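Colleague: Sharing run.cif below, mmCIF, C-alpha atoms (C1' of nucleotides) and all ligand atoms:
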```
data_coords
loop_
_atom_site.group_PDB
_atom_site.id
_atom_site.type_symbol
_atom_site.label_atom_id
_atom_site.label_comp_id
_atom_site.auth_asym_id
_atom_site.auth_seq_id
_atom_site.Cartn_x
_atom_site.Cartn_y
_atom_site.Cartn_z
ATOM 1 C CA MET A 1 -17.744 -18.609 9.417
ATOM 2 C CA THR A 2 -14.931 -20.537 11.041
ATOM 3 C CA LYS A 3 -13.855 -20.046 14.640
ATOM 4 C CA GLN A 4 -10.938 -17.871 13.562
ATOM 5 C CA ARG A 5 -13.040 -15.706 11.257
ATOM 6 C CA LYS A 6 -15.573 -15.189 13.994
ATOM 7 C CA VAL A 7 -12.951 -14.032 16.475
ATOM 8 C CA VAL A 8 -11.332 -11.711 13.938
ATOM 9 C CA TYR A 9 -14.739 -10.241 13.167
ATOM 10 C CA ASP A 10 -15.537 -9.840 16.880
ATOM 11 C CA VAL A 11 -12.175 -8.176 17.468
ATOM 12 C CA LEU A 12 -13.022 -5.674 14.744
ATOM 13 C CA ARG A 13 -16.475 -4.925 16.100
ATOM 14 C CA SER A 14 -15.457 -4.658 19.740
ATOM 15 C CA LYS A 15 -13.060 -1.752 19.218
ATOM 16 C CA ARG A 16 -13.706 0.222 16.088
ATOM 17 C CA ASP A 17 -10.341 1.906 15.896
ATOM 18 C CA HIS A 18 -9.374 0.607 12.453
ATOM 19 C CA PRO A 19 -6.620 -1.766 13.566
ATOM 20 C CA THR A 20 -3.948 -3.146 11.257
ATOM 21 C CA ALA A 21 -3.546 -6.867 10.546
ATOM 22 C CA GLN A 22 -0.736 -6.966 13.114
ATOM 23 C CA MET A 23 -2.930 -5.326 15.772
ATOM 24 C CA ILE A 24 -5.767 -7.715 14.960
ATOM 25 C CA PHE A 25 -3.290 -10.589 15.241
ATOM 26 C CA GLU A 26 -2.258 -9.494 18.738
ATOM 27 C CA ARG A 27 -5.851 -9.043 19.884
ATOM 28 C CA THR A 28 -6.911 -12.366 18.383
ATOM 29 C CA GLN A 29 -4.064 -14.186 20.150
ATOM 30 C CA LYS A 30 -5.685 -13.375 23.494
ATOM 31 C CA GLU A 31 -8.644 -15.501 22.425
ATOM 32 C CA LEU A 32 -6.855 -18.013 20.166
ATOM 33 C CA PRO A 33 -3.245 -18.285 21.374
ATOM 34 C CA THR A 34 -2.151 -20.519 18.494
ATOM 35 C CA VAL A 35 -3.528 -18.399 15.667
ATOM 36 C CA SER A 36 -1.046 -17.359 12.984
ATOM 37 C CA LEU A 37 -0.610 -14.064 11.177
ATOM 38 C CA ALA A 38 -1.271 -15.843 7.876
ATOM 39 C CA THR A 39 -4.653 -16.837 9.237
ATOM 40 C CA ILE A 40 -5.399 -13.236 10.158
ATOM 41 C CA TYR A 41 -4.670 -12.224 6.580
ATOM 42 C CA ASN A 42 -6.743 -15.140 5.273
ATOM 43 C CA CYS A 43 -9.672 -14.249 7.521
ATOM 44 C CA LEU A 44 -9.524 -10.574 6.620
ATOM 45 C CA GLU A 45 -9.417 -11.479 2.936
ATOM 46 C CA ALA A 46 -12.506 -13.657 3.397
ATOM 47 C CA LEU A 47 -14.364 -10.967 5.351
ATOM 48 C CA VAL A 48 -13.436 -8.225 2.887
ATOM 49 C CA SER A 49 -14.336 -10.263 -0.189
ATOM 50 C CA HIS A 50 -17.710 -11.089 1.337
ATOM 51 C CA ASP A 51 -18.298 -7.388 1.976
ATOM 52 C CA VAL A 52 -18.671 -7.651 5.709
ATOM 53 C CA VAL A 53 -15.483 -5.724 6.462
ATOM 54 C CA LYS A 54 -13.850 -2.858 4.599
ATOM 55 C CA GLN A 55 -10.141 -2.470 3.977
ATOM 56 C CA VAL A 56 -8.963 1.081 4.596
ATOM 57 C CA ASN A 57 -5.738 2.382 3.135
ATOM 58 C CA VAL A 58 -4.137 5.620 4.211
ATOM 59 C CA ASP A 59 -1.104 6.405 2.104
ATOM 60 C CA ARG A 60 1.231 3.437 2.095
ATOM 61 C CA GLU A 61 0.798 2.527 5.709
ATOM 62 C CA PRO A 62 -0.306 -0.992 6.604
ATOM 63 C CA SER A 63 -3.948 -1.594 5.708
ATOM 64 C CA ARG A 64 -6.533 -1.035 8.388
ATOM 65 C CA TYR A 65 -9.850 -2.797 8.697
ATOM 66 C CA CYS A 66 -13.309 -1.443 9.434
ATOM 67 C CA PRO A 67 -16.584 -3.265 10.194
ATOM 68 C CA ASN A 68 -18.726 -0.185 9.473
ATOM 69 C CA LEU A 69 -20.587 -0.973 6.269
ATOM 70 C CA ALA A 70 -22.415 2.336 6.005
ATOM 71 C CA GLU A 71 -20.980 4.675 3.384
ATOM 72 C CA HIS A 72 -18.460 6.796 5.225
ATOM 73 C CA GLY A 73 -15.064 8.406 5.016
ATOM 74 C CA HIS A 74 -12.026 8.388 7.285
ATOM 75 C CA PHE A 75 -10.272 11.090 9.219
ATOM 76 C CA HIS A 76 -6.647 10.359 9.922
ATOM 77 C CA ASN A 77 -5.364 12.361 12.863
ATOM 78 C CA LYS A 78 -1.711 13.028 12.135
ATOM 79 C CA GLN A 79 -0.974 13.936 15.741
ATOM 80 C CA THR A 80 -2.293 10.758 17.311
ATOM 81 C CA GLY A 81 -2.299 8.326 14.407
ATOM 82 C CA ASP A 82 -5.963 7.558 15.067
ATOM 83 C CA VAL A 83 -8.357 6.884 12.216
ATOM 84 C CA ILE A 84 -12.008 7.686 12.851
ATOM 85 C CA ASP A 85 -15.136 7.282 10.781
ATOM 86 C CA ILE A 86 -16.619 10.346 9.110
ATOM 87 C CA ASN A 87 -20.254 10.196 8.138
ATOM 88 C CA PHE A 88 -21.696 12.197 5.320
ATOM 89 C CA LYS A 89 -24.406 14.647 6.336
ATOM 90 C CA PRO A 90 -27.909 13.232 5.795
ATOM 91 C CA ASP A 91 -29.064 12.788 2.204
ATOM 92 C CA VAL A 92 -25.764 13.931 0.764
ATOM 93 C CA ASN A 93 -24.597 12.140 -2.364
ATOM 94 C CA LEU A 94 -21.019 13.205 -2.940
ATOM 95 C CA ALA A 95 -21.088 12.036 -6.560
ATOM 96 C CA GLU A 96 -23.454 14.895 -7.345
ATOM 97 C CA PHE A 97 -20.680 17.362 -6.697
ATOM 98 C CA LEU A 98 -18.162 15.750 -9.008
ATOM 99 C CA ASP A 99 -17.444 16.335 -12.667
ATOM 100 C CA LEU A 100 -17.552 12.679 -13.623
ATOM 101 C CA PRO A 101 -16.980 11.539 -17.215
ATOM 102 C CA GLU A 102 -19.996 10.547 -19.303
ATOM 103 C CA GLY A 103 -21.161 7.040 -18.418
ATOM 104 C CA ALA A 104 -19.089 6.685 -15.259
ATOM 105 C CA VAL A 105 -20.384 3.956 -12.963
ATOM 106 C CA ILE A 106 -19.197 4.231 -9.375
ATOM 107 C CA GLU A 107 -18.529 0.937 -7.670
ATOM 108 C CA ASP A 108 -16.676 2.325 -4.691
ATOM 109 C CA LEU A 109 -16.064 5.784 -3.299
ATOM 110 C CA GLU A 110 -13.334 6.339 -0.768
ATOM 111 C CA LEU A 111 -12.715 9.564 1.115
ATOM 112 C CA ASN A 112 -9.622 10.003 3.256
ATOM 113 C CA ILE A 113 -8.940 13.154 5.201
ATOM 114 C CA LYS A 114 -5.721 13.943 6.980
ATOM 115 C CA GLY A 115 -5.423 16.611 9.630
ATOM 116 C CA PHE A 116 -5.649 17.128 13.362
ATOM 117 C CA LEU A 117 -8.018 18.257 16.107
ATOM 118 C CA LYS A 118 -7.532 21.820 17.314
ATOM 119 C CA MET B 1 16.040 21.625 -9.509
ATOM 120 C CA THR B 2 18.625 19.195 -10.742
ATOM 121 C CA LYS B 3 18.694 17.794 -14.249
ATOM 122 C CA GLN B 4 17.061 14.552 -13.103
ATOM 123 C CA ARG B 5 14.318 16.282 -11.125
ATOM 124 C CA LYS B 6 13.543 18.469 -14.110
ATOM 125 C CA VAL B 7 13.188 15.489 -16.442
ATOM 126 C CA VAL B 8 11.034 13.585 -13.956
ATOM 127 C CA TYR B 9 8.822 16.625 -13.577
ATOM 128 C CA ASP B 10 8.605 17.074 -17.365
ATOM 129 C CA VAL B 11 7.734 13.405 -17.791
ATOM 130 C CA LEU B 12 4.877 13.874 -15.357
ATOM 131 C CA ARG B 13 3.548 16.977 -17.047
ATOM 132 C CA SER B 14 3.834 15.694 -20.604
ATOM 133 C CA LYS B 15 1.456 12.770 -20.096
ATOM 134 C CA ARG B 16 -0.896 13.169 -17.195
ATOM 135 C CA ASP B 17 -1.835 9.542 -16.839
ATOM 136 C CA HIS B 18 -0.683 9.115 -13.232
ATOM 137 C CA PRO B 19 2.300 6.865 -13.931
ATOM 138 C CA THR B 20 3.991 4.707 -11.305
ATOM 139 C CA ALA B 21 7.636 5.167 -10.290
ATOM 140 C CA GLN B 22 8.541 2.284 -12.591
ATOM 141 C CA MET B 23 6.746 3.892 -15.549
ATOM 142 C CA ILE B 24 8.398 7.223 -14.801
ATOM 143 C CA PHE B 25 11.731 5.409 -14.655
ATOM 144 C CA GLU B 26 11.200 3.937 -18.111
ATOM 145 C CA ARG B 27 10.118 7.265 -19.593
ATOM 146 C CA THR B 28 12.992 9.100 -17.950
ATOM 147 C CA GLN B 29 15.517 6.615 -19.311
ATOM 148 C CA LYS B 30 14.703 7.802 -22.830
ATOM 149 C CA GLU B 31 16.058 11.210 -21.886
ATOM 150 C CA LEU B 32 18.664 10.161 -19.292
ATOM 151 C CA PRO B 33 19.816 6.628 -20.148
ATOM 152 C CA THR B 34 21.947 6.252 -17.021
ATOM 153 C CA VAL B 35 19.315 7.308 -14.489
ATOM 154 C CA SER B 36 18.581 4.842 -11.692
ATOM 155 C CA LEU B 37 15.301 3.823 -10.114
ATOM 156 C CA ALA B 38 16.601 5.067 -6.759
ATOM 157 C CA THR B 39 16.977 8.492 -8.321
ATOM 158 C CA ILE B 40 13.402 8.374 -9.581
ATOM 159 C CA TYR B 41 12.235 7.685 -6.041
ATOM 160 C CA ASN B 42 14.513 10.422 -4.693
ATOM 161 C CA CYS B 43 13.248 12.928 -7.256
ATOM 162 C CA LEU B 44 9.630 12.073 -6.620
ATOM 163 C CA GLU B 45 10.185 12.389 -2.890
ATOM 164 C CA ALA B 46 11.706 15.844 -3.439
ATOM 165 C CA LEU B 47 8.879 16.942 -5.750
ATOM 166 C CA VAL B 48 6.178 15.608 -3.422
ATOM 167 C CA SER B 49 7.678 17.110 -0.288
ATOM 168 C CA HIS B 50 7.938 20.476 -2.021
ATOM 169 C CA ASP B 51 4.258 20.220 -3.001
ATOM 170 C CA VAL B 52 4.782 20.394 -6.720
ATOM 171 C CA VAL B 53 3.644 16.815 -7.337
ATOM 172 C CA LYS B 54 1.030 14.733 -5.555
ATOM 173 C CA GLN B 55 1.366 11.087 -4.650
ATOM 174 C CA VAL B 56 -1.786 9.136 -5.437
ATOM 175 C CA ASN B 57 -2.515 5.799 -3.804
ATOM 176 C CA VAL B 58 -5.253 3.489 -4.971
ATOM 177 C CA ASP B 59 -5.556 0.520 -2.653
ATOM 178 C CA ARG B 60 -2.178 -1.123 -2.236
ATOM 179 C CA GLU B 61 -1.053 -0.758 -5.811
ATOM 180 C CA PRO B 62 2.227 1.006 -6.529
ATOM 181 C CA SER B 63 1.970 4.748 -5.899
ATOM 182 C CA ARG B 64 1.143 6.968 -8.836
ATOM 183 C CA TYR B 65 2.178 10.558 -9.293
ATOM 184 C CA CYS B 66 0.211 13.594 -10.437
ATOM 185 C CA PRO B 67 1.358 17.111 -11.312
ATOM 186 C CA ASN B 68 -2.150 18.586 -11.016
ATOM 187 C CA LEU B 69 -2.065 20.785 -7.938
ATOM 188 C CA ALA B 70 -5.697 21.846 -8.087
ATOM 189 C CA GLU B 71 -7.910 20.139 -5.535
ATOM 190 C CA HIS B 72 -9.279 17.092 -7.310
ATOM 191 C CA GLY B 73 -10.149 13.444 -6.925
ATOM 192 C CA HIS B 74 -9.291 10.341 -8.913
ATOM 193 C CA PHE B 75 -11.374 7.905 -10.886
ATOM 194 C CA HIS B 76 -9.819 4.485 -11.204
ATOM 195 C CA ASN B 77 -11.242 2.596 -14.168
ATOM 196 C CA LYS B 78 -11.173 -1.052 -13.156
ATOM 197 C CA GLN B 79 -11.590 -2.214 -16.744
ATOM 198 C CA THR B 80 -8.630 -0.342 -18.190
ATOM 199 C CA GLY B 81 -6.518 0.394 -15.127
ATOM 200 C CA ASP B 82 -6.500 4.093 -16.059
ATOM 201 C CA VAL B 83 -6.601 6.755 -13.375
ATOM 202 C CA ILE B 84 -8.091 10.098 -14.381
ATOM 203 C CA ASP B 85 -8.547 13.376 -12.572
ATOM 204 C CA ILE B 86 -11.993 14.252 -11.280
ATOM 205 C CA ASN B 87 -12.714 17.901 -10.614
ATOM 206 C CA PHE B 88 -15.233 19.058 -8.080
ATOM 207 C CA LYS B 89 -18.083 21.085 -9.514
ATOM 208 C CA PRO B 90 -17.514 24.845 -9.187
ATOM 209 C CA ASP B 91 -17.666 26.319 -5.695
ATOM 210 C CA VAL B 92 -18.183 22.946 -4.051
ATOM 211 C CA ASN B 93 -16.466 22.437 -0.718
ATOM 212 C CA LEU B 94 -16.774 18.761 0.098
ATOM 213 C CA ALA B 95 -15.966 19.334 3.766
ATOM 214 C CA GLU B 96 -19.332 21.062 4.131
ATOM 215 C CA PHE B 97 -21.082 17.774 3.562
ATOM 216 C CA LEU B 98 -19.176 15.850 6.187
ATOM 217 C CA ASP B 99 -19.896 15.285 9.843
ATOM 218 C CA LEU B 100 -16.455 16.264 11.059
ATOM 219 C CA PRO B 101 -15.556 16.195 14.746
ATOM 220 C CA GLU B 102 -15.426 19.497 16.618
ATOM 221 C CA GLY B 103 -12.189 21.360 15.882
ATOM 222 C CA ALA B 104 -11.112 19.182 12.961
ATOM 223 C CA VAL B 105 -8.529 20.876 10.757
ATOM 224 C CA ILE B 106 -8.233 19.409 7.277
ATOM 225 C CA GLU B 107 -4.727 19.353 5.881
ATOM 226 C CA ASP B 108 -5.414 17.023 2.999
ATOM 227 C CA LEU B 109 -8.540 15.584 1.410
ATOM 228 C CA GLU B 110 -8.272 12.617 -0.878
ATOM 229 C CA LEU B 111 -11.126 11.189 -2.933
ATOM 230 C CA ASN B 112 -10.704 7.929 -4.823
ATOM 231 C CA ILE B 113 -13.464 6.445 -6.916
ATOM 232 C CA LYS B 114 -13.384 3.008 -8.456
ATOM 233 C CA GLY B 115 -15.682 1.951 -11.270
ATOM 234 C CA PHE B 116 -15.879 1.807 -15.023
ATOM 235 C CA LEU B 117 -17.242 3.652 -18.040
ATOM 236 C CA LYS B 118 -20.507 2.300 -19.432
ATOM 237 C "C1'" DG C 1 -18.425 -44.004 13.236
ATOM 238 C "C1'" DT C 2 -15.244 -44.436 9.088
ATOM 239 C "C1'" DA C 3 -13.275 -43.289 4.709
ATOM 240 C "C1'" DG C 4 -12.849 -39.950 1.439
ATOM 241 C "C1'" DT C 5 -13.073 -35.131 0.063
ATOM 242 C "C1'" DT C 6 -12.703 -30.331 0.579
ATOM 243 C "C1'" DT C 7 -11.630 -26.297 3.166
ATOM 244 C "C1'" DT C 8 -8.980 -23.936 6.477
ATOM 245 C "C1'" DT C 9 -5.120 -23.138 9.151
ATOM 246 C "C1'" DT C 10 -0.374 -22.958 9.865
ATOM 247 C "C1'" DA C 11 4.775 -22.091 9.427
ATOM 248 C "C1'" DG C 12 7.816 -20.522 6.746
ATOM 249 C "C1'" DA C 13 9.534 -19.013 2.228
ATOM 250 C "C1'" DA C 14 8.859 -15.765 -1.450
ATOM 251 C "C1'" DT C 15 7.551 -11.350 -3.416
ATOM 252 C "C1'" DA C 16 7.683 -6.604 -4.531
ATOM 253 C "C1'" DA C 17 7.380 -1.704 -3.635
ATOM 254 C "C1'" DT C 18 10.011 1.212 -1.264
ATOM 255 C "C1'" DT C 19 13.796 2.815 1.660
ATOM 256 C "C1'" DC C 20 18.420 2.728 3.196
ATOM 257 C "C1'" DT C 21 23.629 2.604 2.848
ATOM 258 C "C1'" DA C 22 27.784 3.811 1.272
ATOM 259 C "C1'" DA C 23 30.464 5.068 -2.513
ATOM 260 C "C1'" DT C 24 30.826 8.056 -6.401
ATOM 261 C "C1'" DT C 25 29.686 12.006 -9.131
ATOM 262 C "C1'" DC C 26 28.253 16.592 -9.729
ATOM 263 C "C1'" DC C 27 28.375 21.494 -9.112
ATOM 264 C "C1'" DA C 28 28.690 25.962 -7.313
ATOM 265 C "C1'" DA C 29 31.611 28.957 -4.729
ATOM 266 C "C1'" DT C 30 35.924 30.177 -3.482
ATOM 267 C "C1'" DA D 1 41.768 23.958 -9.711
ATOM 268 C "C1'" DT D 2 40.121 22.725 -5.001
ATOM 269 C "C1'" DT D 3 36.776 21.927 -1.847
ATOM 270 C "C1'" DG D 4 32.477 20.925 0.530
ATOM 271 C "C1'" DG D 5 27.903 19.818 0.347
ATOM 272 C "C1'" DA D 6 24.212 17.812 -2.145
ATOM 273 C "C1'" DA D 7 22.550 14.501 -5.516
ATOM 274 C "C1'" DT D 8 22.931 10.256 -7.837
ATOM 275 C "C1'" DT D 9 23.863 5.550 -8.127
ATOM 276 C "C1'" DA D 10 24.046 0.347 -7.355
ATOM 277 C "C1'" DG D 11 22.870 -2.752 -4.578
ATOM 278 C "C1'" DA D 12 21.407 -4.416 -0.015
ATOM 279 C "C1'" DA D 13 17.808 -4.173 3.405
ATOM 280 C "C1'" DT D 14 13.150 -3.668 4.918
ATOM 281 C "C1'" DT D 15 8.436 -4.886 5.466
ATOM 282 C "C1'" DA D 16 3.623 -5.566 4.448
ATOM 283 C "C1'" DT D 17 1.634 -8.933 2.091
ATOM 284 C "C1'" DT D 18 1.122 -13.201 -0.630
ATOM 285 C "C1'" DC D 19 2.297 -17.791 -1.725
ATOM 286 C "C1'" DT D 20 3.441 -22.790 -0.908
ATOM 287 C "C1'" DA D 21 3.043 -27.010 0.978
ATOM 288 C "C1'" DA D 22 1.886 -29.729 4.801
ATOM 289 C "C1'" DA D 23 -1.061 -30.640 8.757
ATOM 290 C "C1'" DA D 24 -5.487 -30.054 10.876
ATOM 291 C "C1'" DA D 25 -10.258 -29.481 10.745
ATOM 292 C "C1'" DA D 26 -14.750 -29.745 8.801
ATOM 293 C "C1'" DC D 27 -18.015 -32.099 5.792
ATOM 294 C "C1'" DT D 28 -20.213 -35.834 3.236
ATOM 295 C "C1'" DA D 29 -21.612 -40.015 1.924
ATOM 296 C "C1'" DC D 30 -21.762 -44.703 3.352
HETATM 297 MN MN MN E 201 -6.920 5.064 -0.028
HETATM 298 MN MN MN E 202 -5.742 6.535 -1.074
HETATM 299 ZN ZN ZN E 203 -14.389 3.082 8.989
HETATM 300 ZN ZN ZN E 204 -4.464 13.671 -10.429
#
```
Write the structure described by the file as structure tokens, please.

Modeller:
Amino acid sequence: MTKQRKVVYDVLRSKRDHPTAQMIFERTQKELPTVSLATIYNCLEALVSHDVVKQVNVDREPSRYCPNLAEHGHFHNKQTGDVIDINFKPDVNLAEFLDLPEGAVIEDLELNIKGFLK
Amino acid sequence: MTKQRKVVYDVLRSKRDHPTAQMIFERTQKELPTVSLATIYNCLEALVSHDVVKQVNVDREPSRYCPNLAEHGHFHNKQTGDVIDINFKPDVNLAEFLDLPEGAVIEDLELNIKGFLK
DNA sequence: GTAGTTTTTTAGAATAATTCTAATTCCAAT
DNA sequence: ATTGGAATTAGAATTATTCTAAAAAACTAC
């Protein structure tokens, strides 16, 4: 954990709105005015590869980042652009409901929902 | 339906391996040697926006395209790079198992699984 | 502490999938 | 055949991300 990585991680935990690298860059600059965007990408890569942050992709938009390590999905509100966490109901294992091929080993399961709030 | 759109659509249906735009370009060239990559993108955009083809994104890799309109997920085999369709077991409505916010309207549900075959 | 080594950060260039622009081609209707 | 709109095309532009190389920082013996 370097100073920069710590601030990036704190930025992610302090507002769990799934910011993009650019948004994280702007928030990190308030704390570390000389930080560079390359460093933000480097820090995020370090955090993601050490499984302390998840990278969330919705379509081909810029990646977003999430510090919630519990298994969960994402709801993308098309009206507001917000992305919020969606938990699975207790004791639900989604894989049970899928017709997976023989011998399939799941390493990662990603659920993205798009819609809006009535 | 123009000639190009028809060939792109046929390419997609004839081998349902979720090809990228580049792969579709190469396959289409066998039928239409003068077709351009821009046209492939234009055709795919037309097919996707008319809901006859689905765009499938796995991480930040190039988009893949799928002519299967039934609700289904995707299994991305990390060992081979293949992407295959995953059907939900009969009469399963995944949304039932999710803790959605009050008033959430689902317009699209996307399930991507990464793993391998033992 | 200093010298040497490794890691991280930084600025800026490079990359690559996709989109855009503007010119040309196609095609259906008159 | 002419025309008008839509589609296709080649190539330039865009943009999120990655790469490169140099400077800074962090570590590790001595
Ligand atoms: Mn995704
Ligand atoms: Mn996706
Ligand atoms: Zn999340
Ligand atoms: Zn599919």

Colleague: For the structure shown, which residues end up in the PyMOL selection byres (((not hetatm)) within 6 of (chain E and resi 203))? Put them as a PyMOL selection string, please?

Modeller: chain A and resi 66+68+85

Colleague: Give the centre and edge lengths of an axis-aligned box, in Å to one decimal, that holds all listed atoms of stretch 13-18 of chain C with 3 Å on each side, as lines of an AutoDock Vina configuration file.

Modeller:
```
center_x = 8.7
center_y = -8.9
center_z = -1.2
size_x = 8.6
size_y = 26.2
size_z = 12.8
```

Colleague: Apply the PyMOL selection byres ((chain B) within 12 of (chain C)) to the structure shown and report the selected residues as an NGL selection string.

Modeller: :B and (2-4 or 20-22 or 37-42 or 45 or 60-64)

Colleague: Taking all atoms listed in the file into account, which of D:DT15, D:DT9, D:DT3, D:DT28 comes nearest chain A?

Modeller: D:DT15

Colleague: Here's the selection I'm unsure about, the PyMOL selection byres (((not hetatm)) within 10 of (chain E and resi 204)); applied to the file above, which residues does it give, as a list in words?

Modeller: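 That expression, the PyMOL selection byres (((not hetatm)) within 10 of (chain E and resi 204)), corresponds here to Arg16, Asp17, His18, Val53, Lys54, Gln55, Val56, Arg64, Tyr65, Cys66, Pro67, Asn68, Leu69, Ala70, Glu71, His72, Gly73, His74, Phe75, Val83, Ile84, Asp85, Ile86 and Asn87 of chain B.
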
Colleague: Report, in Å to a single decimal, how far apart atom CA of B:Leu109 and atom CA of A:Asn77 are.

Modeller: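 Going from atom CA of A:Asn77 over to atom CA of B:Leu109 covers 12.3 Å.
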
Colleague: Which of these residues is nearest to A:Val7, using only C-alpha atoms: A:Ser49, A:Thr80, A:Gln29, A:Thr34?

Modeller: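 Among A:Ser49, A:Thr80, A:Gln29, A:Thr34, it is A:Gln29 that comes nearest to A:Val7.
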
Colleague: Only residues of chain D matter here; which ones have an atom within 9 Å of chain B, counting all atoms listed in the file? Give them as a list in words.

Modeller: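 Output check: DA7, DT8, DT9 and DA10 of chain D.
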
Colleague: Pick out the chain B residues within 8 Å of chain A. Count all atoms listed in the file. Give them as a PyMOL selection string.

Modeller: chain B and resi 57+59-60+86-89+92+94+97-118

Colleague: As an exercise, work out the distance from atom CA of A:Glu26 to atom C1' of D:DT14 in Å and give it to one decimal place.

Modeller: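 A separation of 21.5 Å between them.
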
Colleague: In Å, rounded to a single decimal, give me how far atom CA of A:Ala46 is from atom CA of A:Lys30.

Modeller: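 Taking atom CA of A:Lys30 as the start and atom CA of A:Ala46 as the end point, the length is 21.2 Å.
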
Colleague: Residues at most 9 Å from B:Val11, counting only C-alpha atoms (C1' of nucleotides), excluding those fewer than 5 positions away in the same chain, as a ChimeraX atom specification?

Modeller: /B:6,16,24,27-28
